[in-house]
Amino acid sequence: MAMRQTPLTCSGHTRPVVDLAFSGITPYGYFLISACKDGKPMLRQGDTGDWIGTFLGHKGAVWGATLNNEATKAATAAADFTAKVWDAVTGDEVLTLAHKHIVKSVNFTQDSSCLLTGGNDKIIRIYDLNKPEAEPQEITGHTSAIKKALWCNNDTQILSAADDKTVRLWDRNSTEVVKQLSFDMSVSSMEYIPDGEVLVITYGKTIAFYNALSLDMIKTVDAPASIHSASLHPDKDFFVAGGDDFKLYKFDYGTKEELESYKGHFGPVHCVRFSPDGELYASGSEDGTLRLWQTAVGKTYGLWKCVLPGEFSLTIGFLVTSLTKALLPRLLDLAGSWWFQTSSV
């Protein structure tokens with residue numbers, strides 16, 4: 001009998017959750033940051049969803065959020081025309097980077113020395129965080145708002161997706177376009193997997209996989225509903241996707257077969273990402289919650305505990321016996337009292 005998926009629900013946000021990101025694995029585990037239209041990005045323990053803190057300072061919806069690999073720094077992109085850099089340990093605001101329009105995307109280099117931003121002013125910016133007073137390097141070319149901008153190829157190149165229905169690969173030094181993909185509609189999400197140089201793109205009902213260096217197509221998969229986000233497992237065995245129909249879909253990456261689908265959210269799924277160890281994936285929704293889902297249902301991990309049928313019976317039996325022993329004297333007292341009252345009538 002198939003085991004039932006039981007997601008962990010992470011509440012706290014009051015508006016739709018539109019972006020999320022995991023840190024790398026640190027000596028203290030790994031961490032999860034969420035961006036929300038309530039303007040209050042939150043940091044959580046990645047494997048349990050336990051709330052750690054809220055970054056306070058933005059004056060508008062937060063559209064993008066990220067952590068560096070070590071989970072010592074966080075960055076957020078917001079509708080208040082700023083990107084902010086935070087100390088992820090203390091929660092203190094370190095830097096505010098003013099923009100000319102809404103900021104949608106933030107991404108650290110591997111050494112956390114530079115921050116990449118993109119947004120509605122159609123400009124990609126590179127900030128040297130060691131020289132916060134210096135003007136950013138600017139890259140222009142997109143003709144509509146930028147949804148996502150990511151470092152790739154050991155931070156020597158940049159991938160960007162925009163509402164002009166293109167995904168572009170840029171050279172960091174020359175700021176010239178190296179390759180470009182064009183689509184019939186706007187790209188809804190983009191994920192870059194450094195191990196293997198895989199680029200995951202979603203548009204409409206399609207989940208597409210490309211080589212991130214050449215932008216040659218690897219494969220495409222059609223989903224049952226319009227997809228807003230997809231994520232590839234670190235081992236590249238599976239990928240998950242979520243979108244308009246409130247469901248999370250899990251596919252076999254090799255065969256493209258749909259393996260599972262789960263409904264837990266009460267609104268469209270805006271973002272989904274695998275944890276760095278691949279044991280779970282997190283989703284963020286219009287319903288204002290994040291949910292954590294097990295990759296292998298029934299495995300003991302984080303707050304999930306696998307209880308075998310025999311163990312379940314023994315556990316229930318023990319609980320019933322313990323409760324009976326504890327409650328029986330009280331029940332007898334109540335029964336005696338009730339009998340005394342009715343006998344006296």
# chains A, B, ... in the order shown; residues from 1 in each chain; ligands from 1
$ residues_around --residues "Ile52 in chain A" --least-positions-apart "2" --cutoff "10 Å" --atoms "only C-alpha atoms" --output "number ranges by chain"
A: 31-33, 42-45, 49-50, 54, 88-89, 91
$ residues_around --residues "Thr90 in chain A" --least-positions-apart "6" --cutoff "12 Å" --atoms "only C-alpha atoms" --output "MDAnalysis selection string"
chainID A and resid 43 52:56 71:74
$ select_by_dssp --residues "range 115-332 of chain A" --states "helix (DSSP H, G or I)" --output "list in words"
Pro309, Gly310, Glu311, Phe312, Ser313, Leu314, Thr315, Ile316, Gly317, Phe318, Leu319, Val320, Thr321, Ser322, Leu323, Thr324, Lys325, Ala326, Leu327, Leu328, Pro329, Arg330, Leu331 and Leu332 of chain A
$ write_last_selection --atoms "N, CA, C and O atoms" --output "compact mmCIF listing (two decimals), in the first residue's frame"
# COMPACT_ATOMS: atom_id res chain seq x y z
N PRO A 309 3.77 -0.85 10.64
CA PRO A 309 2.45 -1.25 11.14
C PRO A 309 2.49 -1.94 12.49
O PRO A 309 1.69 -1.65 13.37
N GLY A 310 3.43 -2.87 12.70
CA GLY A 310 3.53 -3.55 14.00
C GLY A 310 3.88 -2.58 15.11
O GLY A 310 3.31 -2.63 16.20
N GLU A 311 4.82 -1.68 14.80
CA GLU A 311 5.21 -0.68 15.79
C GLU A 311 4.06 0.25 16.09
O GLU A 311 3.85 0.67 17.22
N PHE A 312 3.26 0.56 15.05
CA PHE A 312 2.10 1.45 15.22
C PHE A 312 1.11 0.82 16.20
O PHE A 312 0.62 1.48 17.11
N SER A 313 0.83 -0.50 16.02
CA SER A 313 -0.12 -1.19 16.90
C SER A 313 0.38 -1.21 18.33
O SER A 313 -0.37 -0.97 19.28
N LEU A 314 1.68 -1.51 18.48
CA LEU A 314 2.25 -1.54 19.82
C LEU A 314 2.18 -0.16 20.47
O LEU A 314 1.86 -0.03 21.66
N THR A 315 2.47 0.88 19.64
CA THR A 315 2.44 2.25 20.17
C THR A 315 1.03 2.63 20.60
O THR A 315 0.83 3.18 21.69
N ILE A 316 0.04 2.33 19.76
CA ILE A 316 -1.35 2.65 20.10
C ILE A 316 -1.78 1.88 21.34
O ILE A 316 -2.42 2.42 22.24
N GLY A 317 -1.40 0.58 21.39
CA GLY A 317 -1.76 -0.23 22.56
C GLY A 317 -1.17 0.32 23.84
O GLY A 317 -1.84 0.39 24.87
N PHE A 318 0.09 0.73 23.75
CA PHE A 318 0.75 1.31 24.92
C PHE A 318 0.05 2.59 25.37
O PHE A 318 -0.19 2.81 26.55
N LEU A 319 -0.31 3.44 24.37
CA LEU A 319 -0.98 4.70 24.70
C LEU A 319 -2.34 4.46 25.33
O LEU A 319 -2.72 5.10 26.31
N VAL A 320 -3.10 3.50 24.75
CA VAL A 320 -4.43 3.20 25.30
C VAL A 320 -4.32 2.67 26.72
O VAL A 320 -5.05 3.09 27.62
N THR A 321 -3.36 1.76 26.93
CA THR A 321 -3.17 1.20 28.27
C THR A 321 -2.79 2.28 29.26
O THR A 321 -3.32 2.36 30.37
N SER A 322 -1.85 3.14 28.85
CA SER A 322 -1.40 4.21 29.73
C SER A 322 -2.52 5.19 30.04
O SER A 322 -2.72 5.59 31.20
N LEU A 323 -3.29 5.55 29.02
CA LEU A 323 -4.41 6.48 29.24
C LEU A 323 -5.48 5.86 30.12
O LEU A 323 -6.04 6.53 30.99
N THR A 324 -5.74 4.56 29.92
CA THR A 324 -6.76 3.88 30.73
C THR A 324 -6.35 3.87 32.20
O THR A 324 -7.16 4.16 33.09
N LYS A 325 -5.09 3.53 32.45
CA LYS A 325 -4.61 3.51 33.84
C LYS A 325 -4.69 4.88 34.47
O LYS A 325 -5.01 5.03 35.65
N ALA A 326 -4.41 5.91 33.66
CA ALA A 326 -4.39 7.27 34.20
C ALA A 326 -5.81 7.80 34.41
O ALA A 326 -6.08 8.50 35.39
N LEU A 327 -6.72 7.46 33.49
CA LEU A 327 -8.06 8.05 33.54
C LEU A 327 -9.08 7.22 34.29
O LEU A 327 -10.10 7.76 34.73
N LEU A 328 -8.84 5.91 34.46
CA LEU A 328 -9.84 5.05 35.07
C LEU A 328 -10.28 5.51 36.46
O LEU A 328 -11.48 5.60 36.75
N PRO A 329 -9.34 5.85 37.36
CA PRO A 329 -9.78 6.31 38.70
C PRO A 329 -10.67 7.55 38.62
O PRO A 329 -11.67 7.65 39.34
N ARG A 330 -10.33 8.47 37.72
CA ARG A 330 -11.11 9.69 37.58
C ARG A 330 -12.50 9.38 37.02
O ARG A 330 -13.51 9.93 37.45
N LEU A 331 -12.54 8.45 36.03
CA LEU A 331 -13.81 8.05 35.45
C LEU A 331 -14.71 7.39 36.49
O LEU A 331 -15.92 7.63 36.53
N LEU A 332 -14.13 6.56 37.33
CA LEU A 332 -14.89 5.91 38.40
C LEU A 332 -15.42 6.92 39.40
O LEU A 332 -16.57 6.82 39.87
$ residues_around --residues "Pro234 in chain A" --least-positions-apart "2" --cutoff "9 Å" --atoms "only C-alpha atoms" --output "PDB file with N, CA and C atoms, in the first residue's frame"
ATOM      1  N   ILE A 193      21.366  24.494 -12.059  1.00  0.00           N
ATOM      2  CA  ILE A 193      22.010  23.418 -11.305  1.00  0.00           C
ATOM      3  C   ILE A 193      23.483  23.389 -11.697  1.00  0.00           C
ATOM      4  N   ASP A 195      25.991  21.500 -10.754  1.00  0.00           N
ATOM      5  CA  ASP A 195      26.497  20.154 -10.976  1.00  0.00           C
ATOM      6  C   ASP A 195      25.869  19.583 -12.248  1.00  0.00           C
ATOM      7  N   LEU A 232      14.882  20.497 -10.003  1.00  0.00           N
ATOM      8  CA  LEU A 232      15.506  19.205 -10.293  1.00  0.00           C
ATOM      9  C   LEU A 232      16.223  18.689  -9.051  1.00  0.00           C
ATOM     10  N   LYS A 236      19.492  14.255  -9.826  1.00  0.00           N
ATOM     11  CA  LYS A 236      18.876  14.259 -11.165  1.00  0.00           C
ATOM     12  C   LYS A 236      18.044  13.009 -11.438  1.00  0.00           C
ATOM     13  N   ASP A 237      17.501  12.413 -10.387  1.00  0.00           N
ATOM     14  CA  ASP A 237      16.593  11.276 -10.553  1.00  0.00           C
ATOM     15  C   ASP A 237      15.163  11.742 -10.792  1.00  0.00           C
ATOM     16  N   PHE A 238      14.790  12.830 -10.119  1.00  0.00           N
ATOM     17  CA  PHE A 238      13.423  13.318 -10.163  1.00  0.00           C
ATOM     18  C   PHE A 238      13.419  14.832 -10.363  1.00  0.00           C
ATOM     19  N   PHE A 274      14.143  21.936  -4.265  1.00  0.00           N
ATOM     20  CA  PHE A 274      14.676  20.819  -3.488  1.00  0.00           C
ATOM     21  C   PHE A 274      15.677  21.330  -2.454  1.00  0.00           C
ATOM     22  N   SER A 275      15.722  20.647  -1.319  1.00  0.00           N
ATOM     23  CA  SER A 275      16.744  20.931  -0.308  1.00  0.00           C
ATOM     24  C   SER A 275      18.099  20.487  -0.844  1.00  0.00           C
ATOM     25  N   PRO A 276      19.197  20.990  -0.273  1.00  0.00           N
ATOM     26  CA  PRO A 276      20.521  20.646  -0.810  1.00  0.00           C
ATOM     27  C   PRO A 276      20.871  19.166  -0.684  1.00  0.00           C
ATOM     28  N   ASP A 277      20.270  18.463   0.289  1.00  0.00           N
ATOM     29  CA  ASP A 277      20.522  17.027   0.412  1.00  0.00           C
ATOM     30  C   ASP A 277      19.507  16.192  -0.368  1.00  0.00           C
ATOM     31  N   GLY A 278      18.509  16.859  -0.950  1.00  0.00           N
ATOM     32  CA  GLY A 278      17.526  16.161  -1.759  1.00  0.00           C
ATOM     33  C   GLY A 278      16.480  15.379  -0.991  1.00  0.00           C
TER      34      GLY A 278
END
$ residues_around --residues "Tyr30 in chain A" --least-positions-apart "6" --cutoff "7 Å" --atoms "only C-alpha atoms" --output "PDB file with N, CA, C and O atoms, in the first residue's frame"
ATOM      1  N   SER A  23      19.950  27.373   1.668  1.00  0.00           N
ATOM      2  CA  SER A  23      21.399  27.549   1.763  1.00  0.00           C
ATOM      3  C   SER A  23      22.062  26.224   1.396  1.00  0.00           C
ATOM      4  O   SER A  23      21.379  25.229   1.110  1.00  0.00           O
ATOM      5  N   GLY A  24      23.382  26.217   1.423  1.00  0.00           N
ATOM      6  CA  GLY A  24      24.092  24.950   1.345  1.00  0.00           C
ATOM      7  C   GLY A  24      24.033  24.263   2.700  1.00  0.00           C
ATOM      8  O   GLY A  24      23.454  24.786   3.660  1.00  0.00           O
ATOM      9  N   GLN A  45      14.715  26.883   9.774  1.00  0.00           N
ATOM     10  CA  GLN A  45      15.541  25.686   9.711  1.00  0.00           C
ATOM     11  C   GLN A  45      15.041  24.861   8.535  1.00  0.00           C
ATOM     12  O   GLN A  45      13.841  24.601   8.408  1.00  0.00           O
ATOM     13  N   GLY A  46      15.942  24.460   7.650  1.00  0.00           N
ATOM     14  CA  GLY A  46      15.519  23.863   6.398  1.00  0.00           C
ATOM     15  C   GLY A  46      14.846  22.515   6.504  1.00  0.00           C
ATOM     16  O   GLY A  46      13.922  22.219   5.751  1.00  0.00           O
TER      17      GLY A  46
END
$ atom_distance --atom1 "CA of Tyr192 in chain A" --atom2 "CA of Cys152 in chain A"
7.3 Å
$ residues_around --residues "range 142-146 of chain A" --least-positions-apart "5" --cutoff "6 Å" --atoms "only C-alpha atoms" --output "ChimeraX atom specification"
/A:118-120,122,161-164
$ write_last_selection --atoms "N, CA, C and O atoms" --output "PDB file, in the first residue's frame"
ATOM      1  N   GLY A 118      18.163  41.996 -10.561  1.00  0.00           N
ATOM      2  CA  GLY A 118      17.408  42.262 -11.781  1.00  0.00           C
ATOM      3  C   GLY A 118      15.986  42.617 -11.409  1.00  0.00           C
ATOM      4  O   GLY A 118      15.494  42.204 -10.355  1.00  0.00           O
ATOM      5  N   GLY A 119      15.325  43.396 -12.273  1.00  0.00           N
ATOM      6  CA  GLY A 119      13.967  43.803 -11.945  1.00  0.00           C
ATOM      7  C   GLY A 119      13.264  44.509 -13.075  1.00  0.00           C
ATOM      8  O   GLY A 119      13.587  44.339 -14.260  1.00  0.00           O
ATOM      9  N   ASN A 120      12.311  45.341 -12.700  1.00  0.00           N
ATOM     10  CA  ASN A 120      11.423  45.960 -13.681  1.00  0.00           C
ATOM     11  C   ASN A 120      12.062  47.057 -14.521  1.00  0.00           C
ATOM     12  O   ASN A 120      11.473  47.500 -15.502  1.00  0.00           O
ATOM     13  N   LYS A 122      14.659  46.583 -16.234  1.00  0.00           N
ATOM     14  CA  LYS A 122      15.247  45.852 -17.377  1.00  0.00           C
ATOM     15  C   LYS A 122      16.773  45.798 -17.338  1.00  0.00           C
ATOM     16  O   LYS A 122      17.407  45.407 -18.324  1.00  0.00           O
ATOM     17  N   ALA A 161      16.225  35.733 -17.239  1.00  0.00           N
ATOM     18  CA  ALA A 161      14.923  35.474 -17.862  1.00  0.00           C
ATOM     19  C   ALA A 161      14.067  36.715 -17.685  1.00  0.00           C
ATOM     20  O   ALA A 161      14.015  37.295 -16.601  1.00  0.00           O
ATOM     21  N   ALA A 162      13.376  37.109 -18.757  1.00  0.00           N
ATOM     22  CA  ALA A 162      12.619  38.361 -18.710  1.00  0.00           C
ATOM     23  C   ALA A 162      11.256  38.207 -19.376  1.00  0.00           C
ATOM     24  O   ALA A 162      10.973  37.223 -20.072  1.00  0.00           O
ATOM     25  N   ASP A 163      10.431  39.228 -19.157  1.00  0.00           N
ATOM     26  CA  ASP A 163       9.098  39.248 -19.748  1.00  0.00           C
ATOM     27  C   ASP A 163       9.118  39.518 -21.251  1.00  0.00           C
ATOM     28  O   ASP A 163       8.062  39.536 -21.892  1.00  0.00           O
ATOM     29  N   ASP A 164      10.302  39.746 -21.816  1.00  0.00           N
ATOM     30  CA  ASP A 164      10.403  39.890 -23.271  1.00  0.00           C
ATOM     31  C   ASP A 164      10.456  38.529 -23.971  1.00  0.00           C
ATOM     32  O   ASP A 164      10.784  38.431 -25.146  1.00  0.00           O
TER      33      ASP A 164
END
